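One structure is given below, encoded as structure tokens.
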Amino acid sequence: MKNTYSIKKNKVLKYILKKGIYNTQNYIVVHYTKNDINSNYNNFAVCVSKKNGNSVQRNKLKRWAREVYKNEEDKLKKGYNIIILYKKTTIIDNLNFNDIKNDIINCFKELKLYE
RNA sequence: AGAGUAUUAGAAAUAGUCGCUUGGAGUUUUGCUUCAAGAGGAAAGUCCGGACACCGUAGGGCAAUGGUGCUAGAUAACGUCUAGUGGGAGUAAUCCUAAGGAAAGUGCAACAGAAAAUUACCGCCACUUAUUGUGGUAAGGGUGAAAACGUAAGGUAAGAGCUUACGAAAAAUUAUGGUGACAUAGUUUUUGUGUAAACCCCACCUGGUGCAACACCAUAAAUAAGAAGGUUAAGACUGCCCGUCAACUUCUGUGGUUGGUGGCUUGAGGUAUAUAGUGAUAUAUAUCCUAGAUAAAUGACUAUUUAAAACAGAAUCCGGCUUAUAGAAUGCUCUUUAG
RNA sequence: UGGGGUAUAGCCAAGUGGUAAGGCAACGGACUCUGACCCCGUCAUUUCGUUGGUUCGAAUCCAACUACCCCAG
């Protein structure tokens with residue numbers, strides 16, 4: 001992930017979740033806003049709730065989301081803050097990597113984040 | 001066939017594409033290339049014990065609080081472990097055991113029952129004023145979770161460890177064995193309810209906070225005080241000059257916002273062999289260096305083969321305990337059946 | 001990372017070793033022309049989050065576990 005930075009401040013996350021535009025799929029919610037500056041980079045974060053399982057399953061969900069973002073990074077527009085949320089009802093037992101991948105790609109398409 | 005116990009490992013291999021963290025080397029310069037390494041038996045719960053750091057303390061002791069509680073040993077230490085003793089479960093292998101003191105003192109023991117610790121309701125016996133009385137007695141009845149050693153004989157007015165025989169338990173003491181807990185045997189005395197996971201007594205241990213500890217670097221706002229400087233259109237002493245104060249600038253300091261670095265992984269380490277020991281473990285020699293992230297790395301996909309497989313993710317480190325755990329493998333032991 | 005607390009009927013909640021008070025709700029009855037208020041009665045029953053232990057006896061004492069909540073920074 002060359003041109004992205006991770007979001008570290010709690011204030012920024014809350015601002016994006018309040019003011020941002022979002023779209024939902026079966027397992028995933030994506031929020032985004034524009035950056036203040038006309039910049040060449042994106043800010044990115046993944047959130048997994050504690051209701052989604054124990055730490056192994058949460059870690060795996062995070063890795064999947066980061067993997068999808070890494071593969072789709074070059075096609076995206078620049079200058080946005082993006083957050084990927086998992087819904088509280090998603091459980092890892094019935095899921096594959098491809099389900100998550102299709103969800104995220106559909107979200108990005110609906111939000112018109114592709115160039 | 002069934003059971004017990006101890007230990008081991010806890011998905012693997014090949015090829016390809018993309019990618020993360022740390023370290024080394026190279027190039028070049030802050031990027032790239034290449035090489036190597038990269039989660040567990042419980043990393044979990046945070047239930048104990050330590051290392052380490054800071055605070056407190058001259059050094060030590062007593063008390064309080066809290067904890068532990070058979071013996072000997074191991075260990076840095078422990079509430080842990082090993083080997084035993086006593087008690088309990090099991091045909092057995094084997095397993096379980098907070099297991100000091102109730103004869104230091106206090107408290108409690110509902111209902112029932114006469115009585116829950118020096119007790120007498122019914123009853124038995126004697127005397128009698130002949131009964132709804134006095135005295136003796138605790139064998140029998142009944143209550144209860146628990147009732148003042150058990151059985152038999154003697155004895156007696158009736159009875160009673162009152163006496164005797166056999167047996168049970170406790171205390172003291174002697175002898176033998178054992179490092180010791182304790183065991184065996186004998187003598188004397190006694191038959192004194194239960195509860196300490198109720199207070200308590202006895203013995204031993206115990207200062208507090210915790211890596212978000214702590215150290216260093218840079219840094220925001222406001223600023224007591226001190227030192228130096230000497231700038232001015234400027235305030236005061238003072239009308240002017242010098243000077244001093246104030247103000248100004250810089251530094252120290254105070255204050256503690258934000259970010260970073262260290263602490264951070266070579267250690268009560270691992271592996272192998274030998275020796276000592278029943279064992280936990282210890283000693284010696286040789287050899288090896290095996291995660292160190294910071295919103296948190298160790299991953300994703302494709303193809304082939306075996307397999308269909310759990311519980312589960314390091315966060316300062318170490319020794320234990322407890323809890324979760326698919327299907328397996330290996331060693332030893334016991335019981336039953338058949339040959 | 002460290003520390004603390006709670007769990008009792010559908011809901012709220014008392015109960016400090018001797019067999020679980022009370023209120024709301026629910027159900028049944030009574031009153032009323034009908035409904036509400038009022039009145040009477042029933043409802044924890046192998047049982048106090050789960051498991052095990054101490055005790056004659058445990059919601060209560062002890063240990064381990066589960067779920068939820070709070071605090072410091």
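Identifiers in this document derive from the order of the structure tokens: chains are assigned A, B, ..., residues are numbered from 1 separately in each chain, and ligands are numbered from 1 in order of occurrence.
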
For this session: Please provide the set of residues having any atom within 12 Å of Val12 in chain A, restricted to only C-alpha atoms (C1' of nucleotides), with same-chain residues fewer than 4 positions apart removed, written as JSON, numbers by chain.
Result: {"A": [6, 7, 8, 16, 17, 18, 19, 20, 32, 33, 35, 43, 44, 45, 81, 82, 83]}

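Excluding U60 in chain C itself and same-chain residues fewer than 2 positions from it, the residues having an atom within 10 Å of it are G15, U16, G17 and A58 of chain C, counting only C-alpha atoms (C1' of nucleotides).
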
Exercise. Just asking: which residues within chain A are strand (DSSP E or B) according to DSSP, as a list in words?
Worked result: Thr4, Tyr5, Ser6, Ile21, Tyr22, Asn23, Thr24, Ile28, Val29, Val30, His31, Tyr32, Thr33, Lys34, Asn42, Asn43, Phe44, Ala45, Val46, Cys47, Leu76, Tyr80, Asn81, Ile82, Ile83, Ile84, Leu85, Tyr86 and Tyr114 of chain A

Problem set entry | alpha helix (DSSP H) call set, DSSP backbone run, range 4-95 of chain A, as number ranges by chain | A: 10-19, 55-72

Emit the selected residues as a CSV table (one decimal), in the first residue's frame, including N, CA, C and O atoms.
chain,number,residue,atom,x,y,z
A,10,ASN,N,-8.8,8.7,16.9
A,10,ASN,CA,-10.2,8.4,17.2
A,10,ASN,C,-11.2,9.5,16.7
A,10,ASN,O,-12.3,9.2,16.2
A,11,LYS,N,-10.7,10.7,16.8
A,11,LYS,CA,-11.5,11.9,16.4
A,11,LYS,C,-11.8,11.8,14.9
A,11,LYS,O,-13.0,12.0,14.4
A,12,VAL,N,-10.8,11.4,14.1
A,12,VAL,CA,-11.0,11.4,12.6
A,12,VAL,C,-12.0,10.3,12.3
A,12,VAL,O,-12.9,10.5,11.4
A,13,LEU,N,-11.9,9.1,13.0
A,13,LEU,CA,-12.8,8.0,12.7
A,13,LEU,C,-14.2,8.4,13.0
A,13,LEU,O,-15.1,8.2,12.2
A,14,LYS,N,-14.4,9.1,14.1
A,14,LYS,CA,-15.8,9.5,14.5
A,14,LYS,C,-16.3,10.5,13.5
A,14,LYS,O,-17.5,10.5,13.1
A,15,TYR,N,-15.4,11.5,13.0
A,15,TYR,CA,-15.9,12.5,12.1
A,15,TYR,C,-16.3,11.8,10.8
A,15,TYR,O,-17.4,12.1,10.2
A,16,ILE,N,-15.5,10.8,10.3
A,16,ILE,CA,-15.9,10.2,9.0
A,16,ILE,C,-17.2,9.4,9.2
A,16,ILE,O,-18.0,9.4,8.3
A,17,LEU,N,-17.3,8.7,10.3
A,17,LEU,CA,-18.5,7.9,10.5
A,17,LEU,C,-19.8,8.8,10.6
A,17,LEU,O,-20.9,8.4,10.2
A,18,LYS,N,-19.6,10.0,11.1
A,18,LYS,CA,-20.8,10.9,11.2
A,18,LYS,C,-21.1,11.5,9.9
A,18,LYS,O,-22.2,11.5,9.4
A,19,LYS,N,-20.1,12.1,9.3
A,19,LYS,CA,-20.3,13.0,8.1
A,19,LYS,C,-20.2,12.3,6.8
A,19,LYS,O,-20.6,12.9,5.8
A,55,SER,N,-10.2,-13.5,18.8
A,55,SER,CA,-9.2,-12.6,18.2
A,55,SER,C,-8.7,-13.2,16.9
A,55,SER,O,-8.3,-12.5,16.0
A,56,VAL,N,-8.7,-14.6,16.8
A,56,VAL,CA,-8.2,-15.2,15.6
A,56,VAL,C,-9.1,-14.8,14.4
A,56,VAL,O,-8.6,-14.5,13.3
A,57,GLN,N,-10.4,-14.9,14.7
A,57,GLN,CA,-11.3,-14.7,13.6
A,57,GLN,C,-11.4,-13.2,13.2
A,57,GLN,O,-11.4,-12.8,12.0
A,58,ARG,N,-11.2,-12.3,14.2
A,58,ARG,CA,-11.2,-10.9,13.9
A,58,ARG,C,-9.9,-10.6,13.1
A,58,ARG,O,-10.0,-9.8,12.1
A,59,ASN,N,-8.8,-11.2,13.5
A,59,ASN,CA,-7.6,-10.9,12.8
A,59,ASN,C,-7.7,-11.3,11.3
A,59,ASN,O,-7.2,-10.6,10.4
A,60,LYS,N,-8.4,-12.5,11.1
A,60,LYS,CA,-8.5,-13.0,9.7
A,60,LYS,C,-9.4,-12.0,8.9
A,60,LYS,O,-9.1,-11.8,7.7
A,61,LEU,N,-10.5,-11.5,9.5
A,61,LEU,CA,-11.3,-10.6,8.7
A,61,LEU,C,-10.5,-9.3,8.4
A,61,LEU,O,-10.7,-8.8,7.3
A,62,LYS,N,-9.7,-8.8,9.3
A,62,LYS,CA,-8.9,-7.7,9.0
A,62,LYS,C,-8.0,-7.9,7.9
A,62,LYS,O,-7.8,-7.1,6.9
A,63,ARG,N,-7.4,-9.1,7.9
A,63,ARG,CA,-6.4,-9.4,6.8
A,63,ARG,C,-7.1,-9.5,5.5
A,63,ARG,O,-6.5,-9.0,4.4
A,64,TRP,N,-8.2,-10.1,5.4
A,64,TRP,CA,-9.0,-10.2,4.2
A,64,TRP,C,-9.3,-8.8,3.6
A,64,TRP,O,-9.0,-8.5,2.4
A,65,ALA,N,-9.8,-7.9,4.5
A,65,ALA,CA,-10.1,-6.6,4.0
A,65,ALA,C,-8.9,-5.8,3.5
A,65,ALA,O,-9.0,-5.2,2.4
A,66,ARG,N,-7.8,-6.0,4.2
A,66,ARG,CA,-6.6,-5.3,3.8
A,66,ARG,C,-6.1,-5.8,2.5
A,66,ARG,O,-5.6,-5.1,1.6
A,67,GLU,N,-6.2,-7.1,2.3
A,67,GLU,CA,-5.8,-7.8,1.0
A,67,GLU,C,-6.6,-7.3,-0.1
A,67,GLU,O,-6.0,-6.9,-1.2
A,68,VAL,N,-7.9,-7.1,0.0
A,68,VAL,CA,-8.7,-6.7,-1.1
A,68,VAL,C,-8.4,-5.2,-1.4
A,68,VAL,O,-8.3,-4.9,-2.6
A,69,TYR,N,-8.2,-4.4,-0.4
A,69,TYR,CA,-7.9,-3.0,-0.6
A,69,TYR,C,-6.5,-2.9,-1.4
A,69,TYR,O,-6.3,-2.1,-2.3
A,70,LYS,N,-5.6,-3.8,-1.0
A,70,LYS,CA,-4.3,-3.7,-1.6
A,70,LYS,C,-4.4,-4.0,-3.1
A,70,LYS,O,-3.7,-3.4,-3.9
A,71,ASN,N,-5.2,-5.0,-3.5
A,71,ASN,CA,-5.3,-5.4,-4.9
A,71,ASN,C,-6.1,-4.3,-5.7
A,71,ASN,O,-5.8,-4.1,-6.9
A,72,GLU,N,-7.0,-3.6,-5.1
A,72,GLU,CA,-7.8,-2.6,-5.8
A,72,GLU,C,-7.2,-1.2,-5.7
A,72,GLU,O,-7.9,-0.3,-6.2

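Near A11 in chain B, within a cut-off of 12 Å and counting only C-alpha atoms (C1' of nucleotides), sit the residues U306, A307, A308, A309, A310, A326, G327 and A328 of chain B, with same-chain residues fewer than 4 positions away left out.
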
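Computed from the coordinates, the CA of Lys77 in chain A to CA of Cys47 in chain A distance equals 21.6 Å.
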
Seminar exercise, completed: For A145 in chain B, the closest of B:A303, B:A126, B:G194, B:C78 counting only C-alpha atoms (C1' of nucleotides) is B:G194

For this session: For range 176-181 of chain B, work out the shell of residues within 12 Å, counting only C-alpha atoms (C1' of nucleotides) and skipping chain neighbours fewer than 5 positions away, then give it as a ChimeraX atom specification.
Result: /B:70-73,84-86,99,186

Exercise. Which value, in Å to one decimal, gives the distance between C1' of A183 in chain B and C1' of C334 in chain B?
Worked result: 29.0 Å

For this session: With a distance cut-off of 9 Å and only C-alpha atoms (C1' of nucleotides), select the neighbouring residues of range 207-216 of chain B, excluding the residue or stretch itself and same-chain residues fewer than 3 positions from it, and output the selection as JSON, numbers by chain.
Result: {"B": [53, 54, 55, 56, 57, 261, 262, 263, 316], "C": [1, 2, 73]}

Exercise. What gap, in Å, lies between C1' of U54 in chain C and C1' of A197 in chain B?
Worked result: 5.2 Å

Find the nearest atom pair between each residue of chain B and chain A for residues within 10 Å, count only C-alpha atoms (C1' of nucleotides), give distances in Å to one decimal, sort rows by chain and ascending number, and present the table as a tab-separated table.
residue	atom	partner	partner_atom	distance
B:C18	C1'	A:Asn71	CA	8.1
B:G19	C1'	A:Glu67	CA	8.2
B:A295	C1'	A:Lys8	CA	6.0
B:G299	C1'	A:Arg63	CA	6.8
B:A300	C1'	A:Glu67	CA	6.5
B:C301	C1'	A:Phe97	CA	9.3
B:A312	C1'	A:Val56	CA	7.1
B:G313	C1'	A:Val56	CA	5.8

Exercise. Which polymer residues have any atom within 12 Å of an atom of U51 in chain C, counting only C-alpha atoms (C1' of nucleotides), with same-chain residues fewer than 2 positions away left out, as a PyMOL selection string?
Worked result: chain C and resi 49+53+63-66

Export, as a tab-separated table (two decimals), in the first residue's frame, the selected residues with C-alpha atoms (C1' of nucleotides).
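New file out-v6.tsv:
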chain	number	residue	atom	x	y	z
C	49	G	C1'	-25.73	-17.72	36.86
C	53	G	C1'	-16.41	-28.88	48.15
C	63	A	C1'	-12.68	-22.78	45.26
C	64	A	C1'	-12.87	-22.84	39.95
C	65	C	C1'	-15.65	-21.18	35.69
C	66	U	C1'	-19.52	-18.20	32.59
